[in-house]
>>> print(open('upload.tsv').read())   # TSV, C-alpha atoms
chain	number	residue	atom	x	y	z
A	579	MET	CA	91.18	-139.93	130.84
A	580	TYR	CA	88.40	-142.35	131.78
A	581	PRO	CA	88.73	-141.67	135.53
A	582	GLU	CA	86.05	-144.25	136.31
A	583	LEU	CA	88.31	-147.06	135.08
A	584	ASP	CA	91.05	-148.72	137.07
A	585	THR	CA	94.14	-149.67	135.09
A	586	PRO	CA	95.25	-151.58	133.20
A	587	ALA	CA	92.07	-151.75	131.12
A	588	LEU	CA	91.33	-152.77	127.56
A	589	LEU	CA	89.62	-150.01	125.58
A	590	ILE	CA	87.77	-150.55	122.32
A	591	ASP	CA	86.98	-147.40	120.33
A	592	LEU	CA	83.57	-148.26	118.91
A	593	GLY	CA	83.60	-145.44	116.37
A	594	ALA	CA	86.84	-146.76	114.91
A	595	VAL	CA	85.46	-150.31	114.96
A	596	ARG	CA	82.38	-149.31	112.97
A	597	ALA	CA	84.50	-147.45	110.44
A	598	ASN	CA	86.90	-150.40	110.06
A	599	VAL	CA	84.03	-152.85	109.64
A	600	ALA	CA	82.34	-150.69	107.03
A	601	GLU	CA	85.55	-150.11	105.08
A	602	MET	CA	86.39	-153.81	104.73
A	603	ALA	CA	82.78	-154.64	103.84
A	604	LYS	CA	83.05	-152.07	101.06
A	605	VAL	CA	86.29	-153.65	99.80
A	606	ALA	CA	84.56	-157.02	99.51
A	607	ALA	CA	81.44	-155.60	97.88
A	608	THR	CA	83.44	-153.54	95.40
A	609	HIS	CA	85.32	-156.61	94.18
A	610	GLY	CA	82.35	-158.97	94.34
A	611	VAL	CA	83.89	-161.36	96.86
A	612	ALA	CA	82.47	-162.72	100.09
A	613	LEU	CA	83.81	-161.42	103.40
A	614	ARG	CA	84.31	-163.99	106.14
A	615	PRO	CA	86.15	-162.19	108.95
A	616	HIS	CA	88.24	-164.10	111.46
A	617	ILE	CA	86.84	-163.54	114.96
A	618	LYS	CA	90.08	-164.51	116.75
A	619	THR	CA	90.89	-160.81	116.92
A	620	HIS	CA	87.91	-159.78	119.03
A	621	LYS	CA	86.35	-163.04	120.33
A	622	MET	CA	83.11	-161.13	121.00
A	623	PRO	CA	79.75	-162.26	119.57
A	624	GLU	CA	78.46	-158.67	119.53
A	625	LEU	CA	81.23	-157.64	117.15
A	626	ALA	CA	80.85	-160.75	114.98
A	627	LEU	CA	77.17	-159.90	114.59
A	628	MET	CA	78.12	-156.32	113.69
A	629	GLN	CA	80.37	-157.67	110.93
A	630	ILE	CA	77.57	-159.88	109.57
A	631	GLU	CA	75.07	-157.05	109.68
A	632	ALA	CA	77.54	-154.97	107.65
A	633	GLY	CA	77.61	-157.62	104.92
A	634	ALA	CA	79.89	-160.48	105.97
A	635	ARG	CA	78.76	-163.88	104.66
A	636	GLY	CA	79.74	-165.63	107.88
A	637	ILE	CA	82.74	-165.88	110.15
A	638	THR	CA	86.04	-167.70	110.48
A	639	CYS	CA	87.12	-169.33	113.74
A	640	ALA	CA	90.37	-171.01	114.67
A	641	LYS	CA	89.08	-173.38	117.31
A	642	LEU	CA	85.91	-175.32	118.00
A	643	GLY	CA	85.48	-173.50	121.31
A	644	GLU	CA	85.28	-170.18	119.48
A	645	ALA	CA	82.83	-171.61	116.96
A	646	GLU	CA	80.60	-173.04	119.69
A	647	ILE	CA	80.39	-169.67	121.44
A	648	MET	CA	79.59	-167.88	118.21
A	649	ALA	CA	76.92	-170.45	117.36
A	650	ASP	CA	75.42	-169.86	120.82
A	651	ALA	CA	74.98	-166.24	119.72
A	652	GLY	CA	73.03	-167.29	116.64
A	653	ILE	CA	75.77	-167.24	114.01
A	654	ASP	CA	75.09	-170.16	111.66
A	655	ASP	CA	77.73	-169.93	108.90
A	656	ILE	CA	81.19	-170.79	110.18
A	657	LEU	CA	84.53	-171.73	108.63
A	658	LEU	CA	86.73	-173.61	111.08
A	659	ALA	CA	90.17	-172.73	109.73
A	660	PHE	CA	92.04	-175.37	111.67
A	661	PRO	CA	92.45	-179.12	111.31
A	662	VAL	CA	90.09	-181.13	113.55
A	663	TRP	CA	91.74	-184.21	115.05
A	664	GLY	CA	90.50	-186.79	117.55
A	665	GLU	CA	87.17	-188.26	118.55
A	666	PRO	CA	86.38	-185.72	121.30
A	667	LYS	CA	86.62	-182.87	118.79
A	668	LEU	CA	84.78	-184.81	116.11
A	669	ARG	CA	81.88	-185.35	118.51
A	670	ARG	CA	81.81	-181.62	119.25
A	671	LEU	CA	81.92	-180.84	115.54
A	672	GLU	CA	79.00	-183.21	114.99
A	673	ALA	CA	76.94	-181.33	117.59
A	674	LEU	CA	77.97	-177.98	116.13
A	675	ARG	CA	76.86	-179.04	112.65
A	676	GLU	CA	73.34	-179.58	113.98
A	677	ARG	CA	72.95	-175.82	114.49
A	678	ALA	CA	75.30	-174.23	111.96
A	679	THR	CA	76.76	-174.72	108.52
A	680	VAL	CA	80.40	-175.57	109.20
A	681	ARG	CA	83.29	-175.98	106.80
A	682	VAL	CA	86.72	-177.16	107.93
A	683	SER	CA	90.17	-176.50	106.49
A	684	LEU	CA	92.86	-179.18	106.47
A	685	ASP	CA	96.04	-180.23	104.73
A	686	SER	CA	96.27	-184.00	105.21
A	687	PRO	CA	94.43	-187.22	104.39
A	688	GLU	CA	94.69	-188.21	108.07
A	689	ILE	CA	92.51	-185.29	109.15
A	690	ALA	CA	90.18	-185.89	106.22
A	691	ALA	CA	89.72	-189.54	107.22
A	692	GLY	CA	88.33	-188.54	110.62
A	693	LEU	CA	86.01	-186.00	109.06
A	694	GLY	CA	84.94	-188.62	106.54
A	695	ARG	CA	83.90	-190.97	109.33
A	696	LEU	CA	81.80	-188.15	110.77
A	697	GLY	CA	80.26	-187.42	107.39
A	698	LEU	CA	79.34	-191.06	106.81
A	699	ARG	CA	77.95	-191.50	110.33
A	700	THR	CA	75.68	-188.47	109.99
A	701	GLY	CA	74.77	-188.98	106.34
A	702	SER	CA	76.01	-185.47	105.52
A	703	PRO	CA	79.47	-185.05	103.95
A	704	VAL	CA	81.77	-182.60	105.69
A	705	GLU	CA	82.70	-179.73	103.40
A	706	VAL	CA	86.44	-179.05	103.50
A	707	LEU	CA	88.87	-176.57	102.06
A	708	VAL	CA	92.42	-177.76	101.41
A	709	GLU	CA	95.03	-175.40	102.78
A	710	VAL	CA	97.84	-174.30	100.48
A	711	ASP	CA	101.25	-172.97	101.48
A	712	THR	CA	101.65	-169.74	99.50
A	713	GLY	CA	104.77	-168.68	101.39
A	714	GLN	CA	104.22	-168.69	105.14
A	715	HIS	CA	105.45	-172.28	105.49
A	716	ARG	CA	103.04	-173.22	108.25
A	717	LEU	CA	100.36	-175.57	106.91
A	718	GLY	CA	99.77	-176.87	103.42
A	719	ARG	CA	101.72	-178.09	100.42
A	720	PRO	CA	103.03	-175.72	97.76
A	721	PRO	CA	100.66	-174.48	95.05
A	722	GLY	CA	100.34	-176.37	91.80
A	723	ARG	CA	100.81	-180.08	91.37
A	724	PRO	CA	101.67	-180.92	95.05
A	725	THR	CA	98.36	-179.45	96.21
A	726	ALA	CA	96.40	-180.80	93.24
A	727	ASP	CA	97.57	-184.30	94.08
A	728	LEU	CA	96.57	-183.78	97.72
A	729	VAL	CA	93.13	-182.53	96.66
A	730	ALA	CA	92.63	-185.68	94.57
A	731	GLU	CA	93.65	-187.89	97.50
A	732	ILE	CA	91.30	-186.14	99.92
A	733	ALA	CA	88.45	-186.01	97.42
A	734	ALA	CA	88.59	-189.81	97.19
A	735	ILE	CA	87.86	-190.21	100.91
A	736	PRO	CA	84.18	-191.07	101.53
A	737	GLY	CA	82.28	-188.65	103.73
A	738	VAL	CA	84.10	-185.46	102.78
A	739	GLU	CA	83.50	-182.99	99.97
A	740	VAL	CA	86.36	-180.78	98.83
A	741	VAL	CA	84.75	-177.44	98.03
A	742	GLY	CA	87.77	-175.21	97.68
A	743	LEU	CA	91.26	-174.06	98.50
A	744	LEU	CA	92.36	-171.85	101.38
A	745	THR	CA	95.52	-170.00	102.29
A	746	LEU	CA	96.89	-167.42	104.68
A	747	ALA	CA	99.74	-165.29	103.36
A	748	GLY	CA	101.14	-164.68	106.83
A	749	HIS	CA	104.53	-163.87	105.37
A	750	ALA	CA	102.98	-160.61	104.16
A	751	TYR	CA	103.54	-159.30	107.70
A	752	HIS	CA	107.24	-159.14	106.84
A	753	ALA	CA	106.80	-156.98	103.73
A	754	ARG	CA	109.18	-154.03	103.72
A	755	THR	CA	107.50	-151.84	101.11
A	756	PRO	CA	103.98	-151.28	99.76
A	757	ALA	CA	105.09	-152.78	96.45
A	758	GLU	CA	106.32	-155.94	98.16
A	759	LEU	CA	103.05	-156.24	100.07
A	760	ALA	CA	101.05	-155.84	96.87
A	761	GLU	CA	103.10	-158.53	95.12
A	762	VAL	CA	102.73	-161.01	98.00
A	763	SER	CA	98.99	-160.34	97.92
A	764	ARG	CA	98.74	-160.86	94.16
A	765	ARG	CA	100.65	-164.13	94.35
A	766	GLU	CA	98.45	-165.32	97.20
A	767	GLY	CA	95.45	-165.11	94.91
A	768	THR	CA	96.95	-166.15	91.58
A	769	ASP	CA	98.69	-169.21	93.05
A	770	LEU	CA	95.39	-170.51	94.42
A	771	VAL	CA	93.44	-169.75	91.25
A	772	ALA	CA	96.06	-171.52	89.12
A	773	THR	CA	95.99	-174.52	91.46
A	774	ALA	CA	92.19	-174.69	91.26
A	775	GLU	CA	92.43	-174.66	87.47
A	776	LEU	CA	94.84	-177.59	87.66
A	777	CYS	CA	92.38	-179.45	89.89
A	778	ALA	CA	89.63	-178.76	87.35
A	779	ARG	CA	91.75	-180.33	84.63
A	780	ASP	CA	92.07	-183.35	86.92
A	781	GLY	CA	88.27	-183.51	87.03
A	782	ILE	CA	87.74	-181.88	90.43
A	783	GLY	CA	85.82	-178.62	90.32
A	784	LEU	CA	86.32	-176.26	93.24
A	785	ARG	CA	83.94	-173.39	93.94
A	786	GLU	CA	85.76	-171.55	96.75
A	787	ILE	CA	89.07	-169.71	96.67
A	788	SER	CA	89.46	-168.38	100.20
A	789	VAL	CA	92.33	-165.99	100.91
A	790	GLY	CA	93.34	-162.92	102.75
A	791	SER	CA	94.94	-161.60	105.88
A	792	THR	CA	94.36	-157.99	106.91
A	793	PRO	CA	97.53	-156.77	105.14
A	794	THR	CA	96.70	-158.55	101.88
A	795	ALA	CA	92.89	-158.41	101.79
A	796	ARG	CA	92.51	-155.12	99.97
A	797	HIS	CA	94.86	-156.27	97.19
A	798	VAL	CA	93.94	-159.94	96.82
A	799	ALA	CA	90.20	-159.22	96.75
A	800	GLY	CA	90.75	-157.91	93.23
A	801	VAL	CA	92.41	-161.05	91.85
A	802	ALA	CA	90.12	-162.72	89.30
A	803	GLY	CA	88.89	-166.07	90.59
A	804	VAL	CA	89.10	-165.26	94.30
A	805	THR	CA	85.72	-165.84	95.97
A	806	GLU	CA	86.30	-165.02	99.65
A	807	ILE	CA	88.56	-162.94	101.91
A	808	ARG	CA	89.15	-163.67	105.62
A	809	PRO	CA	90.81	-160.68	107.33
A	810	GLY	CA	90.67	-160.54	111.11
A	811	THR	CA	92.90	-157.87	112.63
A	812	TYR	CA	91.31	-155.06	110.60
A	813	ILE	CA	88.46	-154.63	113.08
A	814	PHE	CA	90.91	-153.41	115.77
A	815	ASN	CA	94.24	-152.96	113.96
A	816	ASP	CA	97.55	-152.68	115.81
A	817	THR	CA	101.08	-151.35	115.35
A	818	ALA	CA	101.94	-154.18	112.94
A	819	MET	CA	99.18	-152.96	110.63
A	820	MET	CA	100.37	-149.39	111.08
A	821	ARG	CA	103.90	-150.38	110.08
A	822	LEU	CA	102.56	-152.04	106.93
A	823	GLY	CA	100.61	-148.91	106.00
A	824	VAL	CA	97.15	-150.50	106.20
A	825	ALA	CA	96.14	-148.74	109.44
A	826	THR	CA	96.68	-145.45	111.21
A	827	GLU	CA	96.61	-144.36	114.82
A	828	ASP	CA	93.03	-143.21	114.30
A	829	SER	CA	91.94	-146.64	113.02
A	830	ALA	CA	93.72	-148.49	115.84
A	831	ALA	CA	90.61	-149.26	117.89
A	832	SER	CA	92.21	-151.46	120.56
A	833	ARG	CA	94.25	-149.76	123.28
A	834	VAL	CA	95.43	-150.72	126.74
A	835	LEU	CA	94.84	-147.90	129.19
A	836	ALA	CA	97.81	-147.78	131.58
A	837	THR	CA	99.04	-145.51	134.35
A	838	VAL	CA	102.53	-144.13	134.94
A	839	ILE	CA	103.54	-145.65	138.28
A	840	ALA	CA	107.22	-144.63	138.40
A	841	ARG	CA	109.65	-142.04	136.97
A	842	PRO	CA	113.01	-143.40	138.15
A	843	SER	CA	114.96	-141.04	135.87
A	844	PRO	CA	114.11	-138.14	133.55
A	845	ASP	CA	114.15	-140.39	130.47
A	846	ARG	CA	112.48	-143.49	131.97
A	847	VAL	CA	108.73	-144.02	132.34
A	848	VAL	CA	107.25	-147.12	133.98
A	849	LEU	CA	103.59	-148.07	133.43
A	850	ASP	CA	101.37	-150.67	135.08
A	851	ALA	CA	100.77	-152.92	132.04
A	852	GLY	CA	103.26	-155.64	131.15
A	853	THR	CA	103.24	-158.84	129.12
A	854	LYS	CA	100.11	-160.05	130.94
A	855	CYS	CA	98.24	-157.19	129.23
A	856	LEU	CA	100.22	-156.45	126.08
A	857	THR	CA	101.97	-159.78	125.29
A	858	SER	CA	105.58	-160.04	124.16
A	859	ASP	CA	104.63	-160.51	120.49
A	860	ASN	CA	106.96	-158.52	118.20
A	861	ALA	CA	108.99	-157.46	121.25
A	862	GLY	CA	111.78	-155.06	120.50
A	863	SER	CA	110.86	-154.28	116.90
A	864	PRO	CA	110.68	-150.55	116.13
A	865	GLY	CA	107.38	-149.07	117.27
A	866	TRP	CA	106.11	-152.44	118.50
A	867	ILE	CA	103.99	-150.73	121.16
A	868	ARG	CA	103.02	-147.09	120.69
A	869	ALA	CA	101.59	-144.54	123.04
A	870	ALA	CA	98.68	-142.83	121.30
A	871	GLY	CA	99.36	-139.12	120.86
A	872	ILE	CA	102.82	-139.37	122.45
A	873	PRO	CA	105.24	-140.23	119.64
A	874	TRP	CA	108.25	-139.32	121.76
A	875	LEU	CA	107.54	-142.15	124.21
A	876	ARG	CA	109.35	-145.30	123.02
A	877	MET	CA	108.66	-148.70	124.54
A	878	ASP	CA	111.88	-150.25	125.81
A	879	PHE	CA	110.79	-153.57	127.30
A	880	LEU	CA	108.03	-155.37	129.16
A	881	ASN	CA	108.08	-157.53	132.25
A	882	GLU	CA	105.00	-159.38	133.43
A	883	GLU	CA	103.46	-156.35	135.19
A	884	HIS	CA	105.64	-153.45	134.03
A	885	ALA	CA	106.06	-151.54	130.78
A	886	VAL	CA	109.33	-149.63	130.69
A	887	ALA	CA	109.56	-146.83	128.15
A	888	ARG	CA	112.04	-144.09	127.29
A	889	LEU	CA	111.43	-140.48	126.40
A	890	ASP	CA	113.23	-138.94	123.43
A	891	PRO	CA	116.05	-136.66	124.67
A	892	GLU	CA	114.19	-133.43	123.98
A	893	HIS	CA	111.37	-134.60	126.25
A	894	ALA	CA	113.50	-136.28	128.92
A	895	ARG	CA	112.93	-133.88	131.79
A	896	GLU	CA	111.32	-133.81	135.19
A	897	GLY	CA	107.63	-133.00	135.09
A	898	GLU	CA	107.05	-134.76	131.78
A	899	LEU	CA	104.49	-137.59	132.17
A	900	PRO	CA	104.46	-137.54	135.99
A	901	VAL	CA	103.31	-140.43	138.16
A	902	GLY	CA	99.55	-140.83	137.75
A	903	THR	CA	99.47	-139.88	134.06
A	904	ARG	CA	97.27	-142.16	131.98
A	905	VAL	CA	98.47	-143.40	128.61
A	906	GLN	CA	96.72	-145.39	125.86
A	907	LEU	CA	99.08	-148.05	124.52
A	908	ILE	CA	98.46	-149.42	121.02
A	909	PRO	CA	99.56	-153.07	121.07
A	910	GLY	CA	101.76	-154.86	118.60
A	911	HIS	CA	99.29	-157.73	118.20
A	912	ALA	CA	95.67	-156.94	118.91
A	913	CYS	CA	94.47	-160.56	118.74
A	914	THR	CA	96.57	-161.89	121.60
A	915	VAL	CA	95.90	-158.80	123.72
A	916	THR	CA	92.14	-159.35	123.54
A	917	ASN	CA	92.61	-162.89	124.84
A	918	LEU	CA	94.30	-161.53	127.98
A	919	PHE	CA	91.23	-159.64	129.24
A	920	ASP	CA	87.90	-160.88	130.57
A	921	VAL	CA	86.14	-157.69	129.53
A	922	ALA	CA	86.78	-154.68	127.33
A	923	CYS	CA	85.41	-151.19	127.76
A	924	GLY	CA	83.63	-149.85	124.71
A	925	VAL	CA	84.39	-146.15	124.45
A	926	GLU	CA	83.12	-143.37	122.22
A	927	ASP	CA	83.76	-139.61	122.20
A	928	GLY	CA	85.91	-139.91	125.30
A	929	ARG	CA	83.26	-141.76	127.33
A	930	VAL	CA	82.84	-145.36	128.42
A	931	VAL	CA	79.51	-146.41	126.89
A	932	THR	CA	79.42	-150.18	127.35
A	933	GLU	CA	81.22	-153.23	128.65
A	934	LEU	CA	82.05	-156.04	126.24
A	935	ARG	CA	82.69	-159.51	127.57
A	936	VAL	CA	85.45	-161.40	125.75
A	937	ALA	CA	83.20	-164.44	125.53
A	938	ALA	CA	85.65	-166.68	123.64
A	939	ARG	CA	88.63	-165.83	125.80
A	940	GLY	CA	90.65	-168.97	126.45
A	941	ALA	CA	88.69	-171.01	123.89
A	942	VAL	CA	91.83	-172.75	122.66
A	943	ARG	CA	90.41	-176.26	122.16
>>> encode(input="upload.tsv", output="structure tokens")
Amino acid sequence: MYPELDTPALLIDLGAVRANVAEMAKVAATHGVALRPHIKTHKMPELALMQIEAGARGITCAKLGEAEIMADAGIDDILLAFPVWGEPKLRRLEALRERATVRVSLDSPEIAAGLGRLGLRTGSPVEVLVEVDTGQHRLGRPPGRPTADLVAEIAAIPGVEVVGLLTLAGHAYHARTPAELAEVSRREGTDLVATAELCARDGIGLREISVGSTPTARHVAGVAGVTEIRPGTYIFNDTAMMRLGVATEDSAASRVLATVIARPSPDRVVLDAGTKCLTSDNAGSPGWIRAAGIPWLRMDFLNEEHAVARLDPEHAREGELPVGTRVQLIPGHACTVTNLFDVACGVEDGRVVTELRVAARGAVR
């Protein structure tokens, strides 16, 4: 299995990537909404350009560093889905706006005031989307009147233009059934649409309703009034998406190639990829890391450099998965895994066909 590669190595199945990109583009086109994928999952300009060529309107970035790298690659329509605070970042945003259309999300007048100073200084208002808390309880005020009042307060700040509302229904990751996931998705959209209607009655028209994580995107895209979806993980998928029923092993494009380096007992398998390759995200949850094609291998725990797994009793015998065996591990969180590698190996039909540099790795500012 890829004998030319030393392990651990990050593999990206390019056939699965193309299929995932095409499928989500079709979802957006079918429902008549814009697709603005979040590049935090892959951090690779080549893949962002693939998404745009497949029909994405632009991209979403979390941090200015990501956006700067994507702009270097020629991408000129960027949503910065993170509050921008402080003069150093505002100066970088000013420079970025000279070569790309950039919108910023926020949830406070304090952030808006800084952006307003930038807008006034440059003579070009900063377009912003106000973030709404639809259930994740991270950023934003609740839908309805609390957010409508915030929109009015931000809209009154010179130098900014409120163009829409934004949310991330991150709590959808905890859905226990398909019906629960569908309901969270529906509420994500309808709560924002209803809030925008309230803003309109207050005299503030909003033209963007931006929603959607990978688990909710396929449902919320169909909510009347939604204009844009922003899934990210879908391009690679991971075991979290598999658990939610929105991905399969075949569509899990990101794998960490690891080698069995010890068999201390018939039921214990130790591999050479730990938290520095796979992260500890979702540690201990059922199926949090899966071995592709080996369902009887269950991940027990990770240390920094070791993955310790157990074999189901019927497979716990000497000779099973001997030292030197190579295993493809599907991570529990593809986004953080990508950020742990300098390069990924693009593979297709069992061959390594290219090397992909993780250009935005470590771009956390």
>>> closest_residue(input="upload.tsv", among="A:Asp591, A:Thr700, A:Asp816, A:Met579", to="Glu933 of chain A", atoms="all atoms listed in the file")
A:Asp591
>>> closest_residue(input="upload.tsv", among="A:Lys621, A:Arg677, A:Arg723, A:His609", to="Glu775 of chain A", atoms="only C-alpha atoms")
A:Arg723
>>> atom_distance(input="upload.tsv", atom1="atom CA of Glu758 of chain A", atom2="atom CA of Val599 of chain A")
25.3 Å
>>> residues_around(input="upload.tsv", residues="segment 857-859 of chain A", least_positions_apart="6", cutoff="12 Å", atoms="all atoms listed in the file", output="list in words")
Asp816, Thr817, Ala818, Val834, Ala851, Trp866, Ile867, Met877, Asp878, Phe879, Leu880, Asn881, Glu882, Glu883, His884, Ala885, Ile908, Pro909, Gly910, His911, Ala912, Cys913, Thr914, Val915, Thr916, Asn917, Leu918 and Phe919 of chain A
>>> atom_distance(input="upload.tsv", atom1="atom CA of Gly940 of chain A", atom2="atom CA of Ala922 of chain A")
14.8 Å
>>> decode(input="upload.tsv", residues="segment 765-785 of chain A", atoms="N, CA and C atoms", output="compact mmCIF listing (two decimals), in the first residue's frame")
# COMPACT_ATOMS: atom_id res chain seq x y z
N ARG A 765 -34.59 24.57 11.21
CA ARG A 765 -34.63 25.70 12.12
C ARG A 765 -33.50 26.68 11.85
N GLU A 766 -32.34 26.17 11.47
CA GLU A 766 -31.22 27.03 11.13
C GLU A 766 -31.63 28.05 10.06
N GLY A 767 -32.31 27.55 9.04
CA GLY A 767 -32.73 28.43 7.96
C GLY A 767 -33.91 29.31 8.32
N THR A 768 -34.96 28.71 8.89
CA THR A 768 -36.18 29.48 9.16
C THR A 768 -35.96 30.55 10.23
N ASP A 769 -35.11 30.28 11.20
CA ASP A 769 -34.82 31.29 12.23
C ASP A 769 -34.15 32.52 11.61
N LEU A 770 -33.24 32.30 10.67
CA LEU A 770 -32.57 33.44 10.04
C LEU A 770 -33.52 34.20 9.12
N VAL A 771 -34.30 33.47 8.36
CA VAL A 771 -35.24 34.12 7.44
C VAL A 771 -36.25 34.97 8.23
N ALA A 772 -36.76 34.42 9.33
CA ALA A 772 -37.71 35.17 10.15
C ALA A 772 -37.06 36.41 10.76
N THR A 773 -35.81 36.29 11.16
CA THR A 773 -35.09 37.43 11.72
C THR A 773 -34.87 38.51 10.66
N ALA A 774 -34.54 38.10 9.45
CA ALA A 774 -34.36 39.06 8.36
C ALA A 774 -35.66 39.78 8.05
N GLU A 775 -36.77 39.07 8.14
CA GLU A 775 -38.07 39.71 7.91
C GLU A 775 -38.36 40.75 8.98
N LEU A 776 -37.95 40.45 10.21
CA LEU A 776 -38.13 41.42 11.30
C LEU A 776 -37.26 42.65 11.05
N CYS A 777 -36.05 42.44 10.58
CA CYS A 777 -35.17 43.57 10.25
C CYS A 777 -35.79 44.42 9.14
N ALA A 778 -36.40 43.77 8.16
CA ALA A 778 -37.03 44.50 7.06
C ALA A 778 -38.16 45.38 7.58
N ARG A 779 -38.91 44.86 8.56
CA ARG A 779 -39.99 45.67 9.14
C ARG A 779 -39.42 46.86 9.92
N ASP A 780 -38.18 46.70 10.39
CA ASP A 780 -37.51 47.81 11.06
C ASP A 780 -36.89 48.79 10.06
N GLY A 781 -37.00 48.48 8.77
CA GLY A 781 -36.47 49.36 7.74
C GLY A 781 -35.08 49.02 7.26
N ILE A 782 -34.59 47.83 7.61
CA ILE A 782 -33.25 47.40 7.19
C ILE A 782 -33.39 46.16 6.32
N GLY A 783 -33.19 46.33 5.03
CA GLY A 783 -33.28 45.20 4.11
C GLY A 783 -31.96 44.44 4.06
N LEU A 784 -32.04 43.14 4.13
CA LEU A 784 -30.86 42.29 4.10
C LEU A 784 -30.96 41.35 2.90
N ARG A 785 -29.87 41.25 2.13
CA ARG A 785 -29.94 40.45 0.91
C ARG A 785 -29.27 39.08 1.02
